[in-house]
Amino acid sequence: MRTTTFIVALALIVGVAHTQQELRPFELDDTEENLALDQSYLFSAIPSYRLTNNETDLYDLTDGMITRRPDDKIWFEANACAWHGDAQVNIRLDLGEIQPIKEIGIRLLGGAEQGGLKFPAEVVAMVSDDGQSWGQVGRFVKPVAGEEAADPFGMPAEDGVAYTYPLRFAGLNAAGRYVAFMIAGDAAFIASDEMWVFKGEHAVAEAEPGTQYDGDFVVHSFQAGGVTAFFPKARVYACDNVQSYQTLHGFDNRPEPKSQPAELIVDLPDGVTLRRWKLNQRFGGALVDEFETEQIEDGEQAFTRYIVPTRGIYIKSWGTLFFQTEWEDGRSGTMRLGCRWEGGEQAPEEYTIEAVHIYPVTPPARLHMSIAWMTQMFWQDWPDFIETYRACGLNGVPLVPRYAPKPEADGFRDYLDAVAECREAGLQIVNNSSPIHAIMAQKKDHPEVMCQFEDGPSELPCPSYRGELWDAEVEVVAQRYAWTQAEWLLYDCEAFSGYGYRAEQGKQCLRCQAAFAERGGEWEKFIAQQGADFYRAVHARIQELAPGAQFEAGAYGVQPGEVYHGVWDWDILYPDVHQFSMPSLYSFRPEPVGDEVRRLRGLIAASDIIPWVQPGDLGEMPAEHIRAIVLEVLFNGGRGVAYYTNKGIDGADLRAISEAVAIAQPIEDMIIDGQLLDVDEFHCGCEGVRLGGIQSGDQAVLLVSEYETPTDIECSVQLPEGATGVVHELTPDGQREAAVVDGVLSVTLDDTRARAYLMTLQ
């Protein structure tokens, strides 16, 4: 048995100086017995970041080696593991037998050298005897920026310089065969190069079991040289009254081309059926509605086995399974998922499948609720789409018109008929467009679209370019709008970001110089006006093709107080060109979403904020967080949400959305027409409990929430003297009288982590 010593610089322990050079005194030696050394482990997701991904990923974290880069940029290192696009990662380590444990640790990337390269928001350390039931023995929660010195783990501040920090759960009196980490990122990037488990001197029988971990914990045995089918969560869902779906992930590690055939093995308990399989649209979107089935008995368990013919893939998102059930709400059972291919088979893994009932809600008339980044190719293949979408309170049906059939194509009439059917059901249409990307994609053959320097075309997109491609894109966007006359126009114009464009650099462009000589003004405002001209041209052409067309427009990332990518200036665009802001708030934690919406609302006079949020495809989260994020947006100054993407949404998430809409829909006028509530007039003595809200006239809604504490919270909120009359809690089932005694509102935050209260303020 090799042993290991960790020598950590004193500066790290006390949390003072933390430059990358000071983080390097971290050596492996021979005094502590490291039980993790050379032991196997499993992941919840493949560490797929291209610069670290290789055949050693299942050994890199227990090989006793740390990366030796002096700059700590471990995302460049082959003997590190990095996850890109997975905001939560589970790791399960098998020690081979139950062992006494005194320390568990892991080195993690932080520093925020780039926007997404942040230290994780939360890390939970767990132990288990059987790998099924887990005891939590340690938990790290990232301190608020500026308060790192008080962090008991000594996490250094993130100042834009990369570091790899050893997170140590020390002084434990634990035991177990299995050790696990649940790592929740502060962004969708997590990286590590080593973990360890130090053997304790205490007897196993004297070990403390830790606090029961109630969260879902799932890992997978990824097939070397084969195919692995998996769900990102341990629990999947089937609805009894609407058609939900489950996004299936896959890892195809076969050496032959990924287009080779494969078959999914889906074992479902009695009362649950598979209605449809849809392959990811990137691989053609093939549908399967008829399956080969057989009855399977395994001990006391009986299943109907569905054999689903499909093909391999080279990305994580494999496709979509549409389950149905006749079970009552809340009933659960076991299902299994596996895969087979020529020459190999993945043994079926067990998951819990639970029935969900969604109580239909009336979609709002003014609030915007949409799964906005979803193609018509997906929702046209979603069985009972309109009924399900409406039942969940969603009201904006997305199109990506660039991919629509041409008028002369056979599918064009079906496309228009599908849009008409949505409108007849009272739904609105949402157009998604990425026109600047389309122009930049042609730069190789058309270098004239780039800034023109004295020595020729540069690598910077030119906001002053006007020409054939510019005109063509104006026509494409306007013409496809005219086909359906959508109520909402959502632009994705991030093309300038990929080139690092800044307005100052454009001063070298001969074309921009000439345009500036004509237009004049301040240079940065001139560049912003040049960019805004594209939107103006599109909207003018729309009015020519569809006179009287009425729509609202917004663009990804454009928000008050900023010039996005050096080009898109909110003050110039709003409100004449764009009517709402679309900040990118892809957190899986509700509090930063609510905080940012509230900050932005304080910068403008109206509730014109519709953020992009994610439903789990950029990091899985509890369905309660889905519900809470909607409430945080609407009760902190927003007027809707747009989801990116349809991947990651399941039946529990759809129910969460419907419950949030049921709370907000009856008071949507108040949400849209109101102002921020002055929460400083309310007082709550419970640490960590958040207050938000809006007010319209003498009516106010107070949002009380807390998301960090794993246990129930009983808290009291002192209402201001102007609060009169009965206070009502807003629930999915309607209003109910809240407990208020002597001006103090009593709030219980249990499984429901955010509650809204309607009151009168004089």
# chains A, B, ... in the order shown; residues from 1 in each chain; ligands from 1
>>> residues_around(residues="Arg92 (chain A)", least_positions_apart="5", cutoff="10 Å", atoms="only C-alpha atoms", output="list in words")
Ser40, Tyr41, Leu42, Phe43, Ser44, Met126, Val127, Ser128, Gly131, Tyr178, Val179, Ala180, Phe181, Met182, Phe217, Val218, Val219 and His220 of chain A
>>> residues_around(residues="region 51-53 of chain A", least_positions_apart="4", cutoff="12 Å", atoms="only C-alpha atoms", output="number ranges by chain")
A: 45-47, 57-60, 67, 73-84, 190-193
>>> closest_atom_pairs(of="region 182-300 of chain A", to="region 577-586 of chain A", cutoff="12 Å", atoms="only C-alpha atoms", output="Markdown table")
| residue | atom | partner | partner_atom | distance |
| --- | --- | --- | --- | --- |
| A:Gly185 | CA | A:Tyr586 | CA | 11.7 |
| A:Asp186 | CA | A:Tyr586 | CA | 10.2 |
| A:Ala187 | CA | A:Tyr586 | CA | 8.3 |
| A:Ala188 | CA | A:Tyr586 | CA | 8.9 |
>>> residues_around(residues="region 539-543 of chain A", least_positions_apart="5", cutoff="12 Å", atoms="only C-alpha atoms", output="list in words")
Asp471, Ala472, Glu473, Val474, Glu475, Val476, Val477, Ala478, Gln479, Arg480, Tyr481, Ala482, Trp483, Thr484, Gln485, Ala486, Leu489, Ala532, Asp533, Phe534, Gly548, Ala549, Gln550, Phe551, Glu552, Ala553, Asp576, Val577 and His578 of chain A
>>> write_last_selection(atoms="C-alpha atoms", output="mmCIF file, in the first residue's frame")
data_model
loop_
_atom_site.group_PDB
_atom_site.id
_atom_site.type_symbol
_atom_site.label_atom_id
_atom_site.label_comp_id
_atom_site.auth_asym_id
_atom_site.auth_seq_id
_atom_site.Cartn_x
_atom_site.Cartn_y
_atom_site.Cartn_z
ATOM 1 C CA ASP A 471 -29.035 42.344 -47.650
ATOM 2 C CA ALA A 472 -29.669 38.611 -48.025
ATOM 3 C CA GLU A 473 -29.918 38.099 -44.256
ATOM 4 C CA VAL A 474 -32.288 41.038 -43.855
ATOM 5 C CA GLU A 475 -34.470 39.417 -46.497
ATOM 6 C CA VAL A 476 -34.240 35.918 -44.969
ATOM 7 C CA VAL A 477 -35.299 37.052 -41.502
ATOM 8 C CA ALA A 478 -38.064 39.351 -42.754
ATOM 9 C CA GLN A 479 -39.431 36.948 -45.335
ATOM 10 C CA ARG A 480 -39.620 34.021 -42.951
ATOM 11 C CA TYR A 481 -41.250 36.255 -40.395
ATOM 12 C CA ALA A 482 -43.897 37.185 -42.942
ATOM 13 C CA TRP A 483 -44.813 33.518 -43.374
ATOM 14 C CA THR A 484 -46.061 33.209 -39.784
ATOM 15 C CA GLN A 485 -46.066 36.790 -38.373
ATOM 16 C CA ALA A 486 -44.802 35.766 -34.960
ATOM 17 C CA LEU A 489 -38.720 37.970 -32.398
ATOM 18 C CA ALA A 532 -28.533 48.451 -34.498
ATOM 19 C CA ASP A 533 -29.020 49.306 -38.173
ATOM 20 C CA PHE A 534 -29.334 45.608 -38.967
ATOM 21 C CA GLY A 548 -49.190 46.313 -39.769
ATOM 22 C CA ALA A 549 -47.273 43.375 -38.290
ATOM 23 C CA GLN A 550 -47.000 43.654 -34.518
ATOM 24 C CA PHE A 551 -44.262 41.968 -32.551
ATOM 25 C CA GLU A 552 -41.836 42.499 -29.699
ATOM 26 C CA ALA A 553 -38.108 41.902 -30.138
ATOM 27 C CA ASP A 576 -37.661 51.483 -30.203
ATOM 28 C CA VAL A 577 -35.722 48.554 -31.682
ATOM 29 C CA HIS A 578 -35.856 46.052 -28.819
#
>>> closest_residue(among="A:Asn90, A:Asn395, A:Ser434, A:Thr325", to="Met369 (chain A)", atoms="only C-alpha atoms")
A:Asn395
>>> select_by_dssp(residues="region 188-385 of chain A", states="alpha helix (DSSP H)", output="PyMOL selection string")
chain A and resi 376-379+385
>>> write_last_selection(atoms="N, CA and C atoms", output="PDB file, in the first residue's frame")
ATOM      1  N   GLN A 376     -39.175  23.556 -34.426  1.00  0.00           N
ATOM      2  CA  GLN A 376     -40.468  23.008 -34.826  1.00  0.00           C
ATOM      3  C   GLN A 376     -40.341  21.521 -35.168  1.00  0.00           C
ATOM      4  N   MET A 377     -39.144  21.082 -35.578  1.00  0.00           N
ATOM      5  CA  MET A 377     -38.958  19.663 -35.875  1.00  0.00           C
ATOM      6  C   MET A 377     -39.136  18.812 -34.626  1.00  0.00           C
ATOM      7  N   PHE A 378     -38.845  19.396 -33.450  1.00  0.00           N
ATOM      8  CA  PHE A 378     -39.060  18.644 -32.210  1.00  0.00           C
ATOM      9  C   PHE A 378     -40.524  18.678 -31.801  1.00  0.00           C
ATOM     10  N   TRP A 379     -41.104  19.885 -31.701  1.00  0.00           N
ATOM     11  CA  TRP A 379     -42.463  19.912 -31.146  1.00  0.00           C
ATOM     12  C   TRP A 379     -43.504  19.335 -32.102  1.00  0.00           C
ATOM     13  N   PHE A 385     -48.647  17.700 -28.224  1.00  0.00           N
ATOM     14  CA  PHE A 385     -47.850  18.872 -27.859  1.00  0.00           C
ATOM     15  C   PHE A 385     -48.709  20.033 -27.387  1.00  0.00           C
TER      16      PHE A 385
END
>>> residues_around(residues="Leu268 (chain A)", least_positions_apart="5", cutoff="6 Å", atoms="only C-alpha atoms", output="PDB file with N, CA and C atoms, in the first residue's frame")
ATOM      1  N   PHE A 303     -40.861  -6.905 -15.847  1.00  0.00           N
ATOM      2  CA  PHE A 303     -40.791  -5.764 -16.748  1.00  0.00           C
ATOM      3  C   PHE A 303     -41.331  -6.138 -18.121  1.00  0.00           C
ATOM      4  N   THR A 304     -41.775  -5.124 -18.835  1.00  0.00           N
ATOM      5  CA  THR A 304     -41.942  -5.245 -20.282  1.00  0.00           C
ATOM      6  C   THR A 304     -40.702  -4.643 -20.917  1.00  0.00           C
ATOM      7  N   MET A 335     -37.392   1.038 -13.175  1.00  0.00           N
ATOM      8  CA  MET A 335     -37.206   0.766 -14.595  1.00  0.00           C
ATOM      9  C   MET A 335     -35.724   0.506 -14.836  1.00  0.00           C
TER      10      MET A 335
END
>>> residues_around(residues="region 661-677 of chain A", least_positions_apart="3", cutoff="6 Å", atoms="only C-alpha atoms", output="PDB file with N, CA and C atoms, in the first residue's frame")
ATOM      1  N   VAL A 361     -53.282  24.509 -16.127  1.00  0.00           N
ATOM      2  CA  VAL A 361     -53.368  25.911 -15.740  1.00  0.00           C
ATOM      3  C   VAL A 361     -53.626  26.733 -16.994  1.00  0.00           C
ATOM      4  N   PRO A 364     -50.859  32.432 -19.258  1.00  0.00           N
ATOM      5  CA  PRO A 364     -51.025  33.871 -19.055  1.00  0.00           C
ATOM      6  C   PRO A 364     -51.273  34.595 -20.372  1.00  0.00           C
ATOM      7  N   GLY A 393     -49.055  25.908 -18.788  1.00  0.00           N
ATOM      8  CA  GLY A 393     -49.028  27.362 -18.699  1.00  0.00           C
ATOM      9  C   GLY A 393     -48.045  28.013 -19.645  1.00  0.00           C
ATOM     10  N   SER A 607     -40.968  46.548 -16.451  1.00  0.00           N
ATOM     11  CA  SER A 607     -40.600  45.145 -16.180  1.00  0.00           C
ATOM     12  C   SER A 607     -40.156  44.426 -17.453  1.00  0.00           C
ATOM     13  N   ARG A 639     -40.810  39.834 -16.663  1.00  0.00           N
ATOM     14  CA  ARG A 639     -42.158  39.582 -17.184  1.00  0.00           C
ATOM     15  C   ARG A 639     -42.230  38.305 -18.014  1.00  0.00           C
ATOM     16  N   SER A 658     -45.785  24.598 -14.377  1.00  0.00           N
ATOM     17  CA  SER A 658     -47.234  24.833 -14.305  1.00  0.00           C
ATOM     18  C   SER A 658     -47.636  25.401 -12.946  1.00  0.00           C
ATOM     19  N   GLY A 693     -39.789  40.934  -4.078  1.00  0.00           N
ATOM     20  CA  GLY A 693     -41.195  41.236  -4.273  1.00  0.00           C
ATOM     21  C   GLY A 693     -41.432  42.401  -5.202  1.00  0.00           C
ATOM     22  N   ILE A 694     -42.697  42.607  -5.499  1.00  0.00           N
ATOM     23  CA  ILE A 694     -43.141  43.698  -6.365  1.00  0.00           C
ATOM     24  C   ILE A 694     -44.346  44.375  -5.719  1.00  0.00           C
ATOM     25  N   GLN A 695     -44.630  45.581  -6.189  1.00  0.00           N
ATOM     26  CA  GLN A 695     -45.762  46.334  -5.664  1.00  0.00           C
ATOM     27  C   GLN A 695     -46.408  47.122  -6.788  1.00  0.00           C
ATOM     28  N   SER A 696     -47.737  47.135  -6.798  1.00  0.00           N
ATOM     29  CA  SER A 696     -48.509  47.928  -7.751  1.00  0.00           C
ATOM     30  C   SER A 696     -49.623  48.610  -6.985  1.00  0.00           C
ATOM     31  N   LEU A 730     -49.985  32.866  -2.047  1.00  0.00           N
ATOM     32  CA  LEU A 730     -50.347  32.482  -3.406  1.00  0.00           C
ATOM     33  C   LEU A 730     -49.838  31.067  -3.649  1.00  0.00           C
ATOM     34  N   THR A 731     -50.741  30.152  -3.947  1.00  0.00           N
ATOM     35  CA  THR A 731     -50.376  28.753  -4.165  1.00  0.00           C
ATOM     36  C   THR A 731     -50.928  28.304  -5.517  1.00  0.00           C
ATOM     37  N   PRO A 732     -50.453  27.178  -6.022  1.00  0.00           N
ATOM     38  CA  PRO A 732     -51.011  26.674  -7.287  1.00  0.00           C
ATOM     39  C   PRO A 732     -52.502  26.391  -7.207  1.00  0.00           C
TER      40      PRO A 732
END
>>> select_by_dssp(residues="region 168-323 of chain A", states="strand (DSSP E)", output="ChimeraX atom specification")
/A:168-169,174-184,189-199,211-212,227-230,235-239,246-252,261-268,272-279,287-288,292-298,301-311,317-323
>>> residues_around(residues="Glu454 (chain A)", least_positions_apart="4", cutoff="10 Å", atoms="only C-alpha atoms", output="list in words")
Ser458, Gln508, Cys509 and Leu510 of chain A
>>> closest_residue(among="A:Gly96, A:Pro269, A:Pro360, A:Gly111", to="Glu300 (chain A)", atoms="only C-alpha atoms")
A:Pro269
>>> residues_around(residues="Lys316 (chain A)", least_positions_apart="6", cutoff="10 Å", atoms="only C-alpha atoms", output="PDB file with N, CA and C atoms, in the first residue's frame")
ATOM      1  N   ALA A  45     -21.135  11.733 -15.361  1.00  0.00           N
ATOM      2  CA  ALA A  45     -21.014  12.211 -16.735  1.00  0.00           C
ATOM      3  C   ALA A  45     -19.559  12.069 -17.168  1.00  0.00           C
ATOM      4  N   ILE A  46     -19.360  11.776 -18.426  1.00  0.00           N
ATOM      5  CA  ILE A  46     -18.009  11.652 -18.964  1.00  0.00           C
ATOM      6  C   ILE A  46     -17.312  13.009 -18.892  1.00  0.00           C
ATOM      7  N   SER A  48     -15.798  15.258 -20.626  1.00  0.00           N
ATOM      8  CA  SER A  48     -15.709  15.297 -22.086  1.00  0.00           C
ATOM      9  C   SER A  48     -14.951  16.492 -22.645  1.00  0.00           C
ATOM     10  N   GLY A  85     -20.146  21.723 -19.791  1.00  0.00           N
ATOM     11  CA  GLY A  85     -21.566  21.543 -20.065  1.00  0.00           C
ATOM     12  C   GLY A  85     -22.285  20.721 -19.022  1.00  0.00           C
ATOM     13  N   ALA A 229     -25.898   3.982 -22.513  1.00  0.00           N
ATOM     14  CA  ALA A 229     -27.118   4.794 -22.486  1.00  0.00           C
ATOM     15  C   ALA A 229     -27.390   5.152 -21.032  1.00  0.00           C
ATOM     16  N   PHE A 230     -27.703   6.422 -20.772  1.00  0.00           N
ATOM     17  CA  PHE A 230     -27.917   6.804 -19.376  1.00  0.00           C
ATOM     18  C   PHE A 230     -28.784   8.046 -19.268  1.00  0.00           C
ATOM     19  N   LEU A 248     -32.611  11.367 -23.246  1.00  0.00           N
ATOM     20  CA  LEU A 248     -31.667  10.277 -23.034  1.00  0.00           C
ATOM     21  C   LEU A 248     -30.265  10.733 -23.432  1.00  0.00           C
ATOM     22  N   HIS A 249     -29.300  10.457 -22.575  1.00  0.00           N
ATOM     23  CA  HIS A 249     -27.903  10.724 -22.884  1.00  0.00           C
ATOM     24  C   HIS A 249     -27.219   9.437 -23.331  1.00  0.00           C
ATOM     25  N   GLY A 250     -26.133   9.614 -24.048  1.00  0.00           N
ATOM     26  CA  GLY A 250     -25.389   8.451 -24.506  1.00  0.00           C
ATOM     27  C   GLY A 250     -23.911   8.746 -24.641  1.00  0.00           C
ATOM     28  N   PHE A 251     -23.101   7.702 -24.542  1.00  0.00           N
ATOM     29  CA  PHE A 251     -21.664   7.800 -24.763  1.00  0.00           C
ATOM     30  C   PHE A 251     -21.269   6.640 -25.653  1.00  0.00           C
ATOM     31  N   ASP A 252     -20.929   6.964 -26.889  1.00  0.00           N
ATOM     32  CA  ASP A 252     -20.567   5.953 -27.872  1.00  0.00           C
ATOM     33  C   ASP A 252     -19.052   5.957 -28.018  1.00  0.00           C
ATOM     34  N   ASN A 280     -32.063  12.295 -31.746  1.00  0.00           N
ATOM     35  CA  ASN A 280     -31.655  13.696 -31.816  1.00  0.00           C
ATOM     36  C   ASN A 280     -31.745  14.186 -33.261  1.00  0.00           C
TER      37      ASN A 280
END
>>> closest_residue(among="A:Pro152, A:Gly160, A:Pro435, A:Pro209", to="Asp129 (chain A)", atoms="only C-alpha atoms")
A:Pro209
>>> atom_distance(atom1="CA of Thr352 (chain A)", atom2="CA of Arg340 (chain A)")
21.4 Å
>>> closest_residue(among="A:Pro547, A:Pro461, A:Gly594, A:Gly284", to="Gln442 (chain A)", atoms="only C-alpha atoms")
A:Pro461
>>> closest_residue(among="A:Asp678, A:Glu424, A:Glu504, A:Asp617", to="Ile527 (chain A)", atoms="only C-alpha atoms")
A:Glu504
>>> closest_residue(among="A:Val197, A:Glu349, A:Leu61, A:Arg413", to="Ala125 (chain A)", atoms="only C-alpha atoms")
A:Val197
>>> atom_distance(atom1="CA of Ser259 (chain A)", atom2="CA of Asn54 (chain A)")
21.1 Å
>>> decode(residues="region 416-427 of chain A", atoms="all heavy atoms", output="JSON list (two decimals), in the first residue's frame")
[["chain", "number", "residue", "atom", "x", "y", "z"],
["A", 416, "LEU", "N", -47.08, 25.54, -42.02],
["A", 416, "LEU", "CA", -48.05, 26.62, -41.78],
["A", 416, "LEU", "C", -49.27, 26.12, -41.02],
["A", 416, "LEU", "O", -49.81, 26.81, -40.15],
["A", 416, "LEU", "CB", -48.47, 27.25, -43.10],
["A", 416, "LEU", "CG", -47.38, 27.98, -43.90],
["A", 416, "LEU", "CD1", -47.99, 28.63, -45.14],
["A", 416, "LEU", "CD2", -46.67, 29.01, -43.05],
["A", 417, "ASP", "N", -49.70, 24.89, -41.34],
["A", 417, "ASP", "CA", -50.87, 24.34, -40.64],
["A", 417, "ASP", "C", -50.57, 24.12, -39.16],
["A", 417, "ASP", "O", -51.43, 24.34, -38.30],
["A", 417, "ASP", "CB", -51.29, 23.02, -41.29],
["A", 417, "ASP", "CG", -51.93, 23.21, -42.67],
["A", 417, "ASP", "OD1", -52.30, 24.36, -42.98],
["A", 417, "ASP", "OD2", -52.05, 22.22, -43.40],
["A", 418, "ALA", "N", -49.34, 23.67, -38.85],
["A", 418, "ALA", "CA", -48.97, 23.47, -37.45],
["A", 418, "ALA", "C", -48.97, 24.78, -36.69],
["A", 418, "ALA", "O", -49.44, 24.86, -35.54],
["A", 418, "ALA", "CB", -47.60, 22.81, -37.37],
["A", 419, "VAL", "N", -48.47, 25.84, -37.32],
["A", 419, "VAL", "CA", -48.48, 27.16, -36.69],
["A", 419, "VAL", "C", -49.92, 27.62, -36.48],
["A", 419, "VAL", "O", -50.28, 28.15, -35.41],
["A", 419, "VAL", "CB", -47.69, 28.16, -37.55],
["A", 419, "VAL", "CG1", -47.90, 29.59, -37.03],
["A", 419, "VAL", "CG2", -46.21, 27.81, -37.55],
["A", 420, "ALA", "N", -50.77, 27.43, -37.49],
["A", 420, "ALA", "CA", -52.17, 27.84, -37.38],
["A", 420, "ALA", "C", -52.88, 27.10, -36.26],
["A", 420, "ALA", "O", -53.70, 27.68, -35.52],
["A", 420, "ALA", "CB", -52.88, 27.62, -38.72],
["A", 421, "GLU", "N", -52.57, 25.81, -36.11],
["A", 421, "GLU", "CA", -53.19, 25.02, -35.04],
["A", 421, "GLU", "C", -52.80, 25.56, -33.67],
["A", 421, "GLU", "O", -53.63, 25.62, -32.75],
["A", 421, "GLU", "CB", -52.79, 23.56, -35.18],
["A", 421, "GLU", "CG", -53.53, 22.63, -34.25],
["A", 421, "GLU", "CD", -53.14, 21.17, -34.44],
["A", 421, "GLU", "OE1", -52.30, 20.89, -35.32],
["A", 421, "GLU", "OE2", -53.68, 20.32, -33.71],
["A", 422, "CYS", "N", -51.55, 25.97, -33.54],
["A", 422, "CYS", "CA", -51.11, 26.56, -32.27],
["A", 422, "CYS", "C", -51.87, 27.86, -32.00],
["A", 422, "CYS", "O", -52.30, 28.11, -30.87],
["A", 422, "CYS", "CB", -49.61, 26.82, -32.31],
["A", 422, "CYS", "SG", -48.59, 25.33, -32.32],
["A", 423, "ARG", "N", -52.01, 28.68, -33.00],
["A", 423, "ARG", "CA", -52.72, 29.95, -32.81],
["A", 423, "ARG", "C", -54.19, 29.73, -32.46],
["A", 423, "ARG", "O", -54.75, 30.44, -31.62],
["A", 423, "ARG", "CB", -52.60, 30.78, -34.09],
["A", 423, "ARG", "CG", -51.27, 31.52, -34.21],
["A", 423, "ARG", "CD", -51.51, 32.97, -34.59],
["A", 423, "ARG", "NE", -50.29, 33.75, -34.50],
["A", 423, "ARG", "CZ", -49.36, 33.82, -35.47],
["A", 423, "ARG", "NH1", -49.53, 33.13, -36.58],
["A", 423, "ARG", "NH2", -48.29, 34.57, -35.31],
["A", 424, "GLU", "N", -54.80, 28.75, -33.11],
["A", 424, "GLU", "CA", -56.20, 28.45, -32.80],
["A", 424, "GLU", "C", -56.37, 28.01, -31.35],
["A", 424, "GLU", "O", -57.44, 28.19, -30.76],
["A", 424, "GLU", "CB", -56.70, 27.36, -33.74],
["A", 424, "GLU", "CG", -56.88, 27.84, -35.18],
["A", 424, "GLU", "CD", -57.15, 26.68, -36.14],
["A", 424, "GLU", "OE1", -57.27, 25.53, -35.65],
["A", 424, "GLU", "OE2", -57.23, 26.93, -37.36],
["A", 425, "ALA", "N", -55.31, 27.46, -30.76],
["A", 425, "ALA", "CA", -55.34, 27.04, -29.36],
["A", 425, "ALA", "C", -55.01, 28.19, -28.41],
["A", 425, "ALA", "O", -54.89, 27.97, -27.20],
["A", 425, "ALA", "CB", -54.38, 25.88, -29.15],
["A", 426, "GLY", "N", -54.83, 29.39, -28.95],
["A", 426, "GLY", "CA", -54.56, 30.56, -28.11],
["A", 426, "GLY", "C", -53.10, 30.77, -27.80],
["A", 426, "GLY", "O", -52.76, 31.57, -26.91],
["A", 427, "LEU", "N", -52.20, 30.08, -28.50],
["A", 427, "LEU", "CA", -50.78, 30.22, -28.27],
["A", 427, "LEU", "C", -50.17, 31.26, -29.21],
["A", 427, "LEU", "O", -50.68, 31.49, -30.30],
["A", 427, "LEU", "CB", -50.08, 28.87, -28.45],
["A", 427, "LEU", "CG", -50.59, 27.74, -27.55],
["A", 427, "LEU", "CD1", -49.93, 26.42, -27.91],
["A", 427, "LEU", "CD2", -50.34, 28.06, -26.08]]
